[in-house]
Every structure is written in C-alpha cells, then in structure tokens.
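Visitor: Dropping in run_32.txt, with compact mmCIF, C-alpha atoms and all ligand atoms.
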# COMPACT_ATOMS: atom_id res chain seq x y z
CA MET Q 25 0.00 0.00 0.00
CA THR Q 26 1.46 3.36 -0.97
CA PRO Q 27 1.17 6.40 1.26
CA GLN Q 28 -1.50 8.98 0.61
CA LYS Q 29 0.47 12.04 1.51
CA ILE Q 30 4.16 12.59 2.01
CA LEU Q 31 6.12 15.51 3.38
CA ILE Q 32 9.54 16.63 2.14
CA ILE Q 33 11.93 19.04 3.75
CA ASP Q 34 14.86 19.95 1.54
CA ASP Q 35 16.48 23.27 0.76
CA ASP Q 36 17.34 22.10 -2.75
CA PRO Q 37 14.28 22.81 -4.93
CA ASP Q 38 15.47 20.33 -7.58
CA VAL Q 39 15.57 17.43 -5.13
CA ALA Q 40 12.22 18.42 -3.64
CA ALA Q 41 10.70 18.65 -7.12
CA LEU Q 42 12.13 15.26 -8.06
CA VAL Q 43 10.64 13.52 -5.01
CA ALA Q 44 7.34 15.36 -5.50
CA ALA Q 45 7.16 14.34 -9.16
CA ALA Q 46 7.92 10.69 -8.38
CA ALA Q 47 5.28 10.71 -5.65
CA GLN Q 48 2.66 12.36 -7.82
CA HIS Q 49 3.36 9.82 -10.54
CA LYS Q 50 2.14 7.21 -8.07
CA GLY Q 51 -0.92 9.28 -7.16
CA ILE Q 52 0.54 10.39 -3.83
CA ASP Q 53 0.04 13.91 -2.55
CA CYS Q 54 3.16 15.73 -1.57
CA ILE Q 55 3.93 18.74 0.58
CA VAL Q 56 7.28 20.50 0.29
CA ALA Q 57 8.74 22.47 3.20
CA THR Q 58 11.93 24.49 3.02
CA GLY Q 59 12.10 25.69 6.64
CA ALA Q 60 11.77 24.09 10.08
CA ASP Q 61 8.67 26.12 10.88
CA THR Q 62 6.63 25.08 7.88
CA PHE Q 63 7.91 21.54 8.20
CA LEU Q 64 6.81 21.07 11.81
CA THR Q 65 3.40 22.61 11.24
CA ALA Q 66 2.85 20.42 8.15
CA ILE Q 67 3.09 17.14 10.12
CA THR Q 68 -0.59 16.32 10.32
CA PRO Q 69 -2.08 12.86 11.03
CA ASP Q 70 -2.58 12.07 7.33
CA ILE Q 71 1.16 12.27 6.56
CA SER Q 72 2.47 8.74 6.13
CA LEU Q 73 6.07 9.28 5.04
CA ILE Q 74 8.62 12.03 5.66
CA PHE Q 75 11.67 12.77 3.49
CA LEU Q 76 14.15 14.74 5.54
CA ASP Q 77 17.33 16.34 4.26
CA LEU Q 78 19.97 16.26 7.00
CA VAL Q 79 22.12 19.12 5.84
CA MET Q 80 20.45 22.41 5.06
CA PRO Q 81 21.76 25.93 5.57
CA GLY Q 82 20.09 27.45 8.59
CA VAL Q 83 18.17 24.30 9.55
CA ASP Q 84 19.77 21.51 11.50
CA GLY Q 85 18.30 18.22 10.27
CA VAL Q 86 19.69 16.37 13.28
CA GLU Q 87 17.98 18.83 15.61
CA LEU Q 88 14.73 18.29 13.71
CA LEU Q 89 15.13 14.57 14.35
CA ARG Q 90 15.48 15.31 18.05
CA ILE Q 91 12.29 17.38 18.00
CA LEU Q 92 10.44 14.61 16.18
CA GLY Q 93 11.80 12.09 18.70
CA GLY Q 94 10.67 14.33 21.55
CA GLN Q 95 7.22 14.54 19.97
CA LYS Q 96 7.09 10.72 19.69
CA CYS Q 97 6.56 10.99 15.94
CA THR Q 98 5.51 7.60 14.48
CA VAL Q 99 5.66 8.56 10.80
CA PRO Q 100 8.40 6.62 8.97
CA ILE Q 101 11.27 8.84 7.86
CA VAL Q 102 13.57 8.67 4.86
CA LEU Q 103 16.85 10.44 5.57
CA MET Q 104 18.53 12.17 2.67
CA SER Q 105 21.90 13.76 2.38
CA GLY Q 106 24.88 14.41 0.21
CA VAL Q 107 27.26 13.68 3.09
CA GLY Q 108 29.38 10.55 3.27
CA ALA Q 109 27.74 7.14 3.70
CA ARG Q 110 29.11 6.73 7.22
CA ILE Q 111 27.63 9.98 8.43
CA LEU Q 112 24.28 9.03 6.95
CA GLU Q 113 24.44 5.65 8.70
CA THR Q 114 25.26 7.37 12.00
CA ALA Q 115 22.23 9.62 11.51
CA VAL Q 116 20.09 6.53 10.89
CA SER Q 117 21.30 5.02 14.19
CA LEU Q 118 20.67 8.30 15.97
CA ALA Q 119 17.11 8.52 14.59
CA LYS Q 120 16.45 4.95 15.74
CA SER Q 121 17.87 5.66 19.17
CA LEU Q 122 15.41 8.56 19.39
CA GLY Q 123 12.58 6.06 18.87
CA LEU Q 124 11.91 7.14 15.28
CA THR Q 125 11.05 4.74 12.46
CA VAL Q 126 13.56 4.98 9.64
CA ALA Q 127 12.07 3.77 6.35
CA GLY Q 128 15.39 4.12 4.54
CA HIS Q 129 18.03 6.54 3.43
CA LEU Q 130 18.95 8.15 0.17
CA ARG Q 131 22.43 9.35 -0.54
CA LYS Q 132 22.43 12.22 -3.01
CA PRO Q 133 22.59 12.07 -5.97
CA PHE Q 134 20.17 9.13 -5.97
CA ARG Q 135 18.42 7.29 -8.77
CA ILE Q 136 14.65 7.45 -9.38
CA ALA Q 137 14.54 3.66 -8.97
CA GLU Q 138 15.84 3.95 -5.37
CA LEU Q 139 13.23 6.57 -4.64
CA ASP Q 140 10.45 4.44 -6.17
CA ILE Q 141 11.34 1.50 -3.95
CA LEU Q 142 11.04 3.64 -0.83
CA LEU Q 143 7.73 5.13 -1.96
CA ASP Q 144 6.35 1.64 -2.59
CA LEU Q 145 7.57 0.25 0.72
CA ALA Q 146 5.99 3.00 2.78
CA PRO Q 147 3.21 1.80 5.06
CA GLU Q 148 -0.32 3.07 5.40
CA PRO Q 149 -0.71 6.37 7.21
CA LYS Q 150 -0.34 6.12 10.95
CA LYS Q 151 -1.07 8.60 13.63
CA ALA Q 152 1.45 11.43 13.34
CA VAL Q 153 3.04 13.70 15.92
CA GLN Q 154 0.79 13.60 18.94
CA ALA Q 155 1.50 17.03 20.23
CA THR Q 156 1.40 18.78 16.88
CA GLU Q 157 -1.12 21.33 18.04
CA ASP Q 158 0.78 22.22 21.19
CA LEU Q 159 4.00 22.43 19.26
CA CYS Q 160 2.52 24.72 16.59
CA LEU Q 161 1.20 26.97 19.27
CA GLN Q 162 4.59 27.19 20.87
CA ASP Q 163 6.42 27.71 17.60
CA HIS Q 164 4.29 30.69 16.77
CA GLU Q 165 4.33 31.88 20.34
CA LEU Q 166 8.13 31.86 20.41
CA ALA Q 167 8.46 33.74 17.14
CA ARG Q 168 5.86 36.22 18.37
CA ALA Q 169 7.56 36.61 21.76
CA LEU Q 170 10.83 37.45 20.01
CA LEU Q 171 9.12 40.06 17.85
CA GLN Q 172 7.28 41.56 20.78
CA ASP Q 173 10.29 41.45 23.04
CA GLU Q 174 8.73 39.42 25.85
CA PHE Q 175 12.06 38.17 27.22
CA VAL Q 176 13.60 39.58 30.38
CA LEU Q 177 16.89 38.92 32.12
CA HIS Q 178 17.53 38.02 35.72
CA TYR Q 179 20.99 38.32 37.23
CA GLN Q 180 22.68 36.01 39.70
CA PRO Q 181 25.79 37.24 41.55
CA GLN Q 182 29.12 35.48 41.29
CA ILE Q 183 31.34 35.78 44.35
CA GLU Q 184 35.13 35.80 44.40
CA ILE Q 185 35.75 33.21 47.10
CA ALA Q 186 39.15 34.51 48.30
CA THR Q 187 37.83 38.02 49.05
CA GLY Q 188 34.07 37.53 49.36
CA GLU Q 189 33.56 40.34 46.86
CA VAL Q 190 30.98 40.29 44.09
CA ALA Q 191 33.01 39.63 40.95
CA GLY Q 192 30.23 39.56 38.40
CA VAL Q 193 26.81 38.35 37.37
CA GLU Q 194 25.36 35.65 35.17
CA ALA Q 195 22.49 36.83 32.95
CA LEU Q 196 19.68 34.26 32.80
CA VAL Q 197 16.83 34.69 30.37
CA ARG Q 198 13.12 34.33 31.27
CA TRP Q 199 10.06 34.57 29.10
CA GLN Q 200 7.48 36.95 30.50
CA HIS Q 201 4.47 35.28 28.92
CA PRO Q 202 1.33 37.45 28.78
CA VAL Q 203 -0.89 34.54 29.93
CA HIS Q 204 1.34 31.92 31.56
CA GLY Q 205 3.56 34.30 33.51
CA LEU Q 206 7.29 33.82 33.93
CA ILE Q 207 8.62 30.82 31.95
CA TYR Q 208 12.10 29.43 32.72
CA PRO Q 209 14.69 28.81 30.01
CA ASP Q 210 14.78 25.02 30.29
CA SER Q 211 11.26 25.08 28.79
CA PHE Q 212 12.17 26.99 25.65
CA ILE Q 213 15.93 27.12 24.89
CA ALA Q 214 16.14 23.68 23.24
CA HIS Q 215 12.98 24.51 21.32
CA CYS Q 216 14.50 27.75 20.07
CA GLU Q 217 17.57 25.81 18.97
CA GLY Q 218 15.41 23.32 17.08
CA LEU Q 219 13.51 26.08 15.33
CA ASP Q 220 16.62 28.03 14.45
CA LEU Q 221 15.51 30.96 16.58
CA ILE Q 222 18.40 30.70 19.02
CA GLY Q 223 20.58 33.18 17.13
CA GLN Q 224 17.85 35.77 17.41
CA LEU Q 225 17.29 35.06 21.09
CA GLY Q 226 21.05 35.11 21.75
CA SER Q 227 21.44 38.53 20.11
CA LEU Q 228 18.53 39.85 22.11
CA VAL Q 229 19.99 38.54 25.39
CA ALA Q 230 23.48 39.91 24.68
CA ALA Q 231 22.14 43.35 23.70
CA ARG Q 232 19.85 43.51 26.75
CA ALA Q 233 22.53 42.36 29.20
CA LEU Q 234 25.05 44.84 27.83
CA SER Q 235 22.57 47.68 28.05
CA GLU Q 236 21.70 46.77 31.67
CA ILE Q 237 25.07 45.85 33.16
CA ALA Q 238 26.37 49.34 33.89
CA GLY Q 239 23.16 50.19 35.76
CA LEU Q 240 23.51 47.10 37.97
CA SER Q 241 26.85 48.10 39.48
CA GLY Q 242 25.51 50.98 41.56
CA ASP Q 243 28.38 53.17 42.76
CA ARG Q 244 31.05 50.49 43.05
CA SER Q 245 34.31 51.27 41.27
CA ARG Q 246 35.11 47.72 40.15
CA PRO Q 247 33.16 46.84 36.97
CA LEU Q 248 30.99 43.72 37.13
CA VAL Q 249 32.08 40.86 34.92
CA LEU Q 250 29.13 39.83 32.74
CA SER Q 251 28.56 36.14 32.01
CA ILE Q 252 26.18 35.31 29.17
CA ASN Q 253 25.00 31.87 28.09
CA VAL Q 254 25.68 31.19 24.43
CA SER Q 255 24.22 28.29 22.53
CA ALA Q 256 26.84 26.22 20.70
CA PHE Q 257 24.70 26.71 17.59
CA SER Q 258 25.48 30.44 17.69
CA LEU Q 259 29.17 29.56 17.34
CA LEU Q 260 28.46 28.13 13.88
CA ASP Q 261 27.82 31.71 12.78
CA LEU Q 262 31.12 33.05 11.47
CA THR Q 263 30.04 36.65 12.07
CA PHE Q 264 29.43 36.01 15.79
CA PRO Q 265 32.83 37.32 17.08
CA ASP Q 266 32.47 40.60 15.17
CA THR Q 267 28.84 41.01 16.20
CA MET Q 268 29.74 40.49 19.87
CA PHE Q 269 32.72 42.81 19.60
CA ASP Q 270 30.64 45.61 18.02
CA LEU Q 271 27.93 45.15 20.64
CA ALA Q 272 30.44 45.34 23.50
CA ARG Q 273 32.01 48.47 22.05
CA LYS Q 274 28.62 50.10 21.56
CA HIS Q 275 27.96 49.64 25.29
CA ASN Q 276 31.47 50.59 26.42
CA LYS Q 277 32.10 47.17 27.92
CA LYS Q 278 35.54 45.63 27.49
CA PRO Q 279 35.47 42.09 26.01
CA GLU Q 280 37.83 41.18 28.90
CA GLU Q 281 34.86 41.82 31.23
CA ILE Q 282 32.57 39.46 29.32
CA VAL Q 283 32.43 35.68 29.78
CA LEU Q 284 30.65 33.57 27.18
CA GLU Q 285 29.36 30.37 28.78
CA ILE Q 286 28.96 27.42 26.44
CA THR Q 287 27.84 24.02 27.70
CA GLU Q 288 30.38 21.24 27.67
CA THR Q 289 28.05 19.03 25.61
CA GLY Q 290 27.48 21.75 23.01
CA LEU Q 291 31.19 22.53 22.81
CA VAL Q 292 32.26 18.95 22.25
CA ARG Q 293 29.46 18.29 19.76
CA GLU Q 294 30.35 21.25 17.57
CA LEU Q 295 34.05 21.62 18.32
CA SER Q 296 35.53 20.98 14.88
CA GLN Q 297 33.20 23.53 13.31
CA THR Q 298 33.40 26.15 16.02
CA LEU Q 299 37.06 26.15 16.94
CA ASP Q 300 37.84 29.10 14.66
CA VAL Q 301 34.97 31.16 16.07
CA LEU Q 302 36.07 30.32 19.63
CA THR Q 303 39.65 31.25 18.83
CA ARG Q 304 38.60 34.55 17.27
CA LEU Q 305 36.46 35.37 20.30
CA ARG Q 306 39.49 34.77 22.52
CA MET Q 307 41.68 36.90 20.28
CA LYS Q 308 39.20 39.75 20.68
CA GLY Q 309 39.52 39.41 24.47
CA PHE Q 310 36.29 37.60 25.42
CA HIS Q 311 36.52 34.89 28.06
CA ILE Q 312 35.11 31.44 27.33
CA SER Q 313 33.63 29.29 30.07
CA ILE Q 314 32.83 25.58 29.79
CA ASP Q 315 29.40 25.46 31.43
CA ASP Q 316 27.81 22.42 33.12
CA PHE Q 317 31.27 20.90 33.36
CA GLY Q 318 31.19 17.21 34.27
CA THR Q 319 27.87 16.45 32.57
CA GLY Q 320 29.31 16.02 29.08
CA TYR Q 321 32.20 13.96 27.91
CA ALA Q 322 35.06 16.36 27.33
CA MET Q 323 38.21 14.31 27.33
CA MET Q 324 41.35 15.75 28.77
CA GLN Q 325 42.79 16.05 25.30
CA GLN Q 326 39.75 17.98 24.06
CA LEU Q 327 39.83 20.18 27.11
CA GLN Q 328 43.32 21.25 26.14
CA ASN Q 329 42.14 22.06 22.62
CA ILE Q 330 39.25 24.28 23.67
CA PRO Q 331 40.47 27.88 24.02
CA ALA Q 332 38.59 28.26 27.31
CA THR Q 333 39.55 30.49 30.22
CA GLU Q 334 37.13 29.06 32.78
CA ILE Q 335 35.37 25.85 33.81
CA LYS Q 336 32.04 26.01 35.53
CA ILE Q 337 31.41 22.90 37.58
CA ASP Q 338 27.85 21.72 37.14
CA ARG Q 339 25.54 22.45 40.05
CA SER Q 340 24.48 18.80 40.33
CA PHE Q 341 27.97 17.99 41.71
CA VAL Q 342 28.34 21.06 43.90
CA MET Q 343 24.91 20.72 45.51
CA ASN Q 344 25.63 17.09 46.36
CA MET Q 345 29.11 17.51 47.80
CA ASN Q 346 28.00 15.66 50.93
CA HIS Q 347 28.26 12.53 48.76
CA LYS Q 348 31.83 11.43 48.37
CA SER Q 349 31.72 10.78 44.62
CA ASP Q 350 30.34 14.26 43.88
CA ARG Q 351 32.82 15.90 46.25
CA VAL Q 352 35.72 14.07 44.57
CA MET Q 353 34.47 15.22 41.19
CA VAL Q 354 34.35 18.85 42.36
CA LEU Q 355 37.76 18.80 44.01
CA LYS Q 356 39.44 17.00 41.10
CA THR Q 357 37.91 19.48 38.65
CA ILE Q 358 39.31 22.39 40.65
CA GLU Q 359 42.72 20.73 40.58
CA ILE Q 360 42.65 19.94 36.85
CA GLY Q 361 41.27 23.38 35.99
CA HIS Q 362 44.06 25.11 37.87
CA GLU Q 363 46.69 22.85 36.35
CA LEU Q 364 45.44 23.91 32.92
CA GLY Q 365 45.55 27.56 33.97
CA LEU Q 366 41.76 27.95 34.02
CA LYS Q 367 39.60 29.84 36.46
CA VAL Q 368 37.20 27.50 38.26
CA VAL Q 369 33.63 28.50 39.06
CA ALA Q 370 31.27 26.41 41.20
CA GLU Q 371 27.54 26.92 40.65
CA GLY Q 372 24.78 25.54 42.87
CA VAL Q 373 26.45 26.72 46.09
CA GLU Q 374 23.54 26.41 48.48
CA THR Q 375 25.09 26.26 51.95
CA ALA Q 376 27.90 27.71 54.06
CA LYS Q 377 29.37 24.20 54.18
CA HIS Q 378 29.60 24.09 50.37
CA LEU Q 379 31.41 27.43 50.41
CA GLU Q 380 33.76 26.27 53.13
CA ILE Q 381 34.82 23.17 51.15
CA LEU Q 382 35.29 25.23 47.98
CA ARG Q 383 37.32 27.85 49.84
CA ALA Q 384 39.54 25.19 51.42
CA HIS Q 385 40.29 23.86 47.93
CA ARG Q 386 40.91 27.27 46.39
CA CYS Q 387 38.00 27.32 43.99
CA ASP Q 388 37.92 30.81 42.46
CA ILE Q 389 34.28 31.83 42.11
CA ALA Q 390 31.05 30.68 43.73
CA GLN Q 391 27.47 31.16 42.54
CA GLY Q 392 24.27 29.83 44.06
CA TYR Q 393 21.24 30.27 46.28
CA PHE Q 394 23.49 30.64 49.33
CA PHE Q 395 24.25 34.16 48.08
CA SER Q 396 21.16 34.86 46.01
CA LYS Q 397 18.82 33.37 43.46
CA PRO Q 398 18.75 35.13 40.04
CA LEU Q 399 17.09 38.54 40.49
CA SER Q 400 15.44 41.17 38.31
CA PRO Q 401 17.71 44.21 37.67
CA LYS Q 402 15.85 46.22 40.30
CA ASP Q 403 16.09 43.47 42.95
CA PHE Q 404 19.72 42.83 42.07
CA LYS Q 405 20.65 46.46 42.72
CA ALA Q 406 18.92 46.32 46.10
CA TRP Q 407 20.69 43.05 46.92
CA LEU Q 408 24.08 44.47 45.95
CA ALA Q 409 23.56 47.59 48.05
CA ASN Q 410 22.94 45.35 51.10
CA TYR Q 411 25.66 42.77 50.46
CA ARG Q 412 28.27 42.74 53.20
CA GLY Q 413 30.49 39.91 52.00
CA VAL Q 414 30.90 36.34 53.24
P1 LIG Q 501 22.90 27.31 33.69
O1 LIG Q 501 23.69 28.10 32.74
O2 LIG Q 501 23.54 26.13 34.31
O3 LIG Q 501 22.37 28.35 34.76
C1 LIG Q 501 22.31 28.11 36.11
C2 LIG Q 501 20.96 27.61 36.51
O4 LIG Q 501 21.04 27.15 37.85
C3 LIG Q 501 19.90 28.71 36.51
O5 LIG Q 501 18.66 28.13 36.13
C4 LIG Q 501 19.88 29.12 37.98
O6 LIG Q 501 18.65 29.68 38.37
C5 LIG Q 501 20.12 27.80 38.66
N1 LIG Q 501 20.75 27.95 39.96
C6 LIG Q 501 21.57 28.93 40.37
N2 LIG Q 501 22.01 28.74 41.62
C7 LIG Q 501 21.45 27.59 42.05
C8 LIG Q 501 21.50 26.86 43.27
O7 LIG Q 501 22.17 27.23 44.25
N3 LIG Q 501 20.78 25.73 43.35
C9 LIG Q 501 20.02 25.29 42.30
N4 LIG Q 501 19.33 24.15 42.45
N5 LIG Q 501 19.95 25.94 41.12
C10 LIG Q 501 20.65 27.08 40.99
P2 LIG Q 501 17.76 28.79 35.02
O8 LIG Q 501 17.80 30.27 35.15
O9 LIG Q 501 16.44 28.09 35.07
O10 LIG Q 501 18.52 28.44 33.69
C11 LIG Q 501 18.54 27.13 33.18
C12 LIG Q 501 19.45 27.03 32.01
O11 LIG Q 501 18.95 27.72 30.85
C13 LIG Q 501 20.81 27.66 32.24
O12 LIG Q 501 21.57 26.77 32.99
C14 LIG Q 501 21.32 27.85 30.83
O13 LIG Q 501 21.90 26.67 30.32
C15 LIG Q 501 20.05 28.11 30.07
N6 LIG Q 501 19.97 29.56 29.78
C16 LIG Q 501 19.61 30.56 30.61
N7 LIG Q 501 19.67 31.76 29.99
C17 LIG Q 501 20.11 31.50 28.73
C18 LIG Q 501 20.38 32.33 27.58
O14 LIG Q 501 20.27 33.56 27.59
N8 LIG Q 501 20.83 31.69 26.46
C19 LIG Q 501 21.00 30.34 26.40
N9 LIG Q 501 21.44 29.77 25.25
N10 LIG Q 501 20.75 29.53 27.45
C20 LIG Q 501 20.30 30.10 28.61
CA CA Q 502 25.43 29.18 32.56
CA CA Q 503 25.65 25.56 34.46
Just dump the structure as structure tokens.
Guide:
Amino acid sequence: MTPQKILIIDDDPDVAALVAAAAQHKGIDCIVATGADTFLTAITPDISLIFLDLVMPGVDGVELLRILGGQKCTVPIVLMSGVGARILETAVSLAKSLGLTVAGHLRKPFRIAELDILLDLAPEPKKAVQATEDLCLQDHELARALLQDEFVLHYQPQIEIATGEVAGVEALVRWQHPVHGLIYPDSFIAHCEGLDLIGQLGSLVAARALSEIAGLSGDRSRPLVLSINVSAFSLLDLTFPDTMFDLARKHNKKPEEIVLEITETGLVRELSQTLDVLTRLRMKGFHISIDDFGTGYAMMQQLQNIPATEIKIDRSFVMNMNHKSDRVMVLKTIEIGHELGLKVVAEGVETAKHLEILRAHRCDIAQGYFFSKPLSPKDFKAWLANYRGV
C-alpha cells in the first residue's frame, strides 16, 4: 500500500521537485517544506512518510530529528543527504535511538529507482506527531515573543571566594508570557535551537545584558564581569565574534569583562566547526567558560584544545558535595582546571558548608542560592547595596 500524503523538507528545490514528481506519478500527494517552521506545522495525522534532508543551511536536520523524537513521531522517515555514507548511517542510528522509524536513506545524488522502492515500501498512514497542536502553538508563540520582546533577564551574583567580593553576574533569560507568567529557560531554549531561533534570542539577550550591566553596578568602582549563556549553535555563525565585539564596544564594555558560557556538551558536539569562532572570540579578548562541566564527555585532550579560560562545575555535583563521589568530582575538577591555567567557578552553592569546602580547595568563584537566586535588575541592585560579604 502506498502512502497517501508525504512531506519533504529539503532546501534544494530540484531534489524536492524530483521527489514530488515521483510521488505524484504514483498518485501520492506531496507537501514541500523548506524551513523548520513550515515543516513542523505540516506534520498532520494524514502524513504517512517524511523525506528529511539532513544538511540544510540554517536548519539543523539532526535537531529536527530530536524534536520529532521528543514529539514521539511515528511517521516513517527517509533520511537524505549528500554527506558521506558513514555519516548518513550514523544519523540513521541516531534517529532509531530517538525512537523514530527509519524507512530508509537516500544518498544524493540518488536514482529514481531507489526513490520508487522507498515510496512503494511506505506503510499506510499512521497517527502522526501527537503534540502537533501544542508544538505549533509554541512555535508561533516563540516567534511572536521574540518580535514583541517578551524576554527579560535576571541576574545572579558570582562571588570571588578569596575576598568575598561580588566579581560579576550571570544573565539568565526568562520569558514573561502574557498569559502563563514567567517561563524558565529550560522550557524553551532547546525549542529555540530546534527552530533556528536561538541566534535571534542570543542577540537579544546579549544586547539587553550589555545595556543593563552598567546600571547594575551601583556606585562600586570595580566593573561587574558579565557572564552570558551562548548556545553552541550560535558559534556556527562566522560573524558572531564581530557582532559580539561591536555590541560590547557600543555599550562601552571591554570584552575582557565578558564571559561567554557554552555548555560542555554543546562545545564537544560542535568543536571541529566552532574552533575558529572560539579562537577569534578569545583573540578579541572575550573569556570562554565551559558550562555544566562534568555532565558532558570532554576528554582531557579535548579540554586542552578548547580555548577556554574558565570551567564552571555543574551544580548537580556542587549541591551534592556531601556525597563522596560528587565531592571528589568537584575537588578534582578544581585541581585539573588550575593545572590547565583555568579559572574555576562552582555553581549551585547552596550552603555555608559548600562554600567552606570550595574555599579550602581554592576554587575561584562561587554562585548559588546561598548568596542569592537570580534577580530582576531592580532586585539585584537592592541586593548588591545590602551585600556585606561572606
Ligand atoms: P545554567 O547556565 O547552568 O544556569 C544556572 C541555573 O542554575 C539557573 O537556572 C539558575 O537559576 C540555577 N541555579 C543557580 N544557583 C542555584 C542553586 O544554588 N541551586 C540550584 N538548584 N539551582 C541554581 P535557570 O535560570 O532556570 O537556567 C537554566 C538554564 O537555561 C541555564 O543553565 C542555561 O543553560 C540556560 N539559559 C539561561 N539563559 C540563557 C540564555 O540567555 N541563552 C541560552 N542559550 N541559554 C540560557
Ligand atoms: Ca550558565
Ligand atoms: Ca551551568
């Protein structure tokens, strides 16, 4: 039984037209999407086969697979790409590990006969993405929220352990939703990455943080170091170092007073493609921090290759330092970080005991609820005015 309706996402109009023509020849309806947005909204229950191009400018096919996996999509997928056979096979394994059904793969350029076989093998339509409606709502909501500037930043202090002084702040984004109230980033960052909106959100966050930072310092003479979270996807943009540099200059903030936090997992995943951008950021003076350190799989050798200036030990280890294994992880990370000449930051510092252990082991910076939760600019200023050190 052939499918009734198939969906193609491919940036190459010739390939899309070829698949569409072959499908129509068999009496199958075909929808062509060229962007992530239109693709995700087009997955309706009557779609019985998806053709997905893995490599498209501006759209990450692998990330789309993750979204489909997260949505428990049951529609069989044909993966297409011009990349090497091994990469395509890895993508097939990845899709399967995400619980997706892979109907086959087509390595470009492919022959019509190969395509015909896949179209014939496709099963009857099954139920598609369960949460399609929710997802569509959120897609549009996110795009709208970006346009209408519904994002706000909260700031969490970072304390220099040796002196007890406030060294800087980490800017953390929140979505001030008109109906649902304040939404935390774990609910929308990955989604923004999947929809290719993360660059836009990142620019918005950097511009907002830089425009607010001077006002946060009150009358203190020492400038606050500003830490911003940067998605590894933003590092694929070759213009990112210049954009950041121009933005910093516009706001009179030295790049040396800005730390770009990138998660360990993101860094390792994209390292070969982002190394030049990271290096250029360093050359311009920005600091690079490896965020959520310990949760990824950075090998020692890779750690040496990343032009980082800081490691930020993941809060899950710091908060649980009463367990020996977590404490060992924290203390060893401090040691290794210092041996590599890196500054070591501990996040998730919740108690005086945590601080005491970190101080005894010469950790450089501490951040966590023990000092303060992330605060709105107004609340942060009030907090700073009352801070008397630790
Ligand atoms: P993160 O970079 O690891 O940020 C620290 C998170 O830990 C924050 O959660 C903060 O509220 C929380 N936290 C701080 N101190 C403590 C503590 O003592 N105990 C506990 N249990 N938690 C603590 P939040 O604000 O919900 O942010 C979650 C994640 O979202 C961040 O994790 C970061 O990866 C991401 N994120 C936040 N803002 C941005 C942004 O502007 N861009 C990007 N790409 N990602 C962002
Ligand atoms: Ca962070
Ligand atoms: Ca972190």
Visitor: Could you tell me how far atom N2 of ligand LIG 501 (chain Q) lies from atom CA of Q:Ile213, in Å and to one decimal?
Guide: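 According to the coordinates, atom N2 of ligand LIG 501 (chain Q) and atom CA of Q:Ile213 are separated by 17.9 Å.
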Visitor: Could you list, as a count of residues only, every residue within 12 Å of stretch 389-396 of chain Q, counting all atoms listed in the file and ignoring same-chain residues fewer than 4 positions away?
Guide: 59
Visitor: For Q:Trp199, list every protein, DNA or RNA residue within 12 Å, evaluated using only C-alpha atoms, and leave out those in the same chain fewer than 3 positions away; present the list as a PyMOL selection string.
Guide: chain Q and resi 165-166+168-170+172-178+196+202-213+225+229
Visitor: Restricting the output to C-alpha atoms, write the selected residues as a PDB file, in the frame of the given file.
Guide:
ATOM      1  CA  GLU Q 165       4.330  31.880  20.340  1.00  0.00           C
ATOM      2  CA  LEU Q 166       8.130  31.860  20.410  1.00  0.00           C
ATOM      3  CA  ARG Q 168       5.860  36.220  18.370  1.00  0.00           C
ATOM      4  CA  ALA Q 169       7.560  36.610  21.760  1.00  0.00           C
ATOM      5  CA  LEU Q 170      10.830  37.450  20.010  1.00  0.00           C
ATOM      6  CA  GLN Q 172       7.280  41.560  20.780  1.00  0.00           C
ATOM      7  CA  ASP Q 173      10.290  41.450  23.040  1.00  0.00           C
ATOM      8  CA  GLU Q 174       8.730  39.420  25.850  1.00  0.00           C
ATOM      9  CA  PHE Q 175      12.060  38.170  27.220  1.00  0.00           C
ATOM     10  CA  VAL Q 176      13.600  39.580  30.380  1.00  0.00           C
ATOM     11  CA  LEU Q 177      16.890  38.920  32.120  1.00  0.00           C
ATOM     12  CA  HIS Q 178      17.530  38.020  35.720  1.00  0.00           C
ATOM     13  CA  LEU Q 196      19.680  34.260  32.800  1.00  0.00           C
ATOM     14  CA  PRO Q 202       1.330  37.450  28.780  1.00  0.00           C
ATOM     15  CA  VAL Q 203      -0.890  34.540  29.930  1.00  0.00           C
ATOM     16  CA  HIS Q 204       1.340  31.920  31.560  1.00  0.00           C
ATOM     17  CA  GLY Q 205       3.560  34.300  33.510  1.00  0.00           C
ATOM     18  CA  LEU Q 206       7.290  33.820  33.930  1.00  0.00           C
ATOM     19  CA  ILE Q 207       8.620  30.820  31.950  1.00  0.00           C
ATOM     20  CA  TYR Q 208      12.100  29.430  32.720  1.00  0.00           C
ATOM     21  CA  PRO Q 209      14.690  28.810  30.010  1.00  0.00           C
ATOM     22  CA  ASP Q 210      14.780  25.020  30.290  1.00  0.00           C
ATOM     23  CA  SER Q 211      11.260  25.080  28.790  1.00  0.00           C
ATOM     24  CA  PHE Q 212      12.170  26.990  25.650  1.00  0.00           C
ATOM     25  CA  ILE Q 213      15.930  27.120  24.890  1.00  0.00           C
ATOM     26  CA  LEU Q 225      17.290  35.060  21.090  1.00  0.00           C
ATOM     27  CA  VAL Q 229      19.990  38.540  25.390  1.00  0.00           C
TER      28      VAL Q 229
END
Visitor: Compile a residue-level contact table for chain Q against ligand CA 502 (chain Q) at a cut-off of 7 Å, reporting for every qualifying residue the shortest atom pair and its distance in Å to one decimal, with all atoms listed in the file counted, rows ordered by chain and ascending number, as JSON lines.
Guide:
{"residue": "Q:Glu194", "atom": "CA", "partner": "Q:CA502", "partner_atom": "CA", "distance": 7.0}
{"residue": "Q:Asn253", "atom": "CA", "partner": "Q:CA502", "partner_atom": "CA", "distance": 5.2}
{"residue": "Q:Glu285", "atom": "CA", "partner": "Q:CA502", "partner_atom": "CA", "distance": 5.6}
{"residue": "Q:Asp315", "atom": "CA", "partner": "Q:CA502", "partner_atom": "CA", "distance": 5.6}
Visitor: Within 9 Å of Q:Leu295, counting only C-alpha atoms, which residues show up once you throw out same-chain ones fewer than 3 positions away? Write them as a ChimeraX atom specification, please.
Guide: /Q:256,290-292,298-299,326,330
Visitor: Nearest to Q:Asp270: which of Q:Ala230, Q:Ile360, Q:Val254, Q:Ile67 is it, counting all atoms listed in the file?
Guide: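 Closest candidate: Q:Ala230.
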Visitor: For Q:Asp61, which residue out of Q:Asp77, Q:Ile101, Q:Cys216, Q:Gly223 is the nearest one, using all atoms listed in the file?
Guide: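 Closest to Q:Asp61, using all atoms listed in the file: Q:Cys216.
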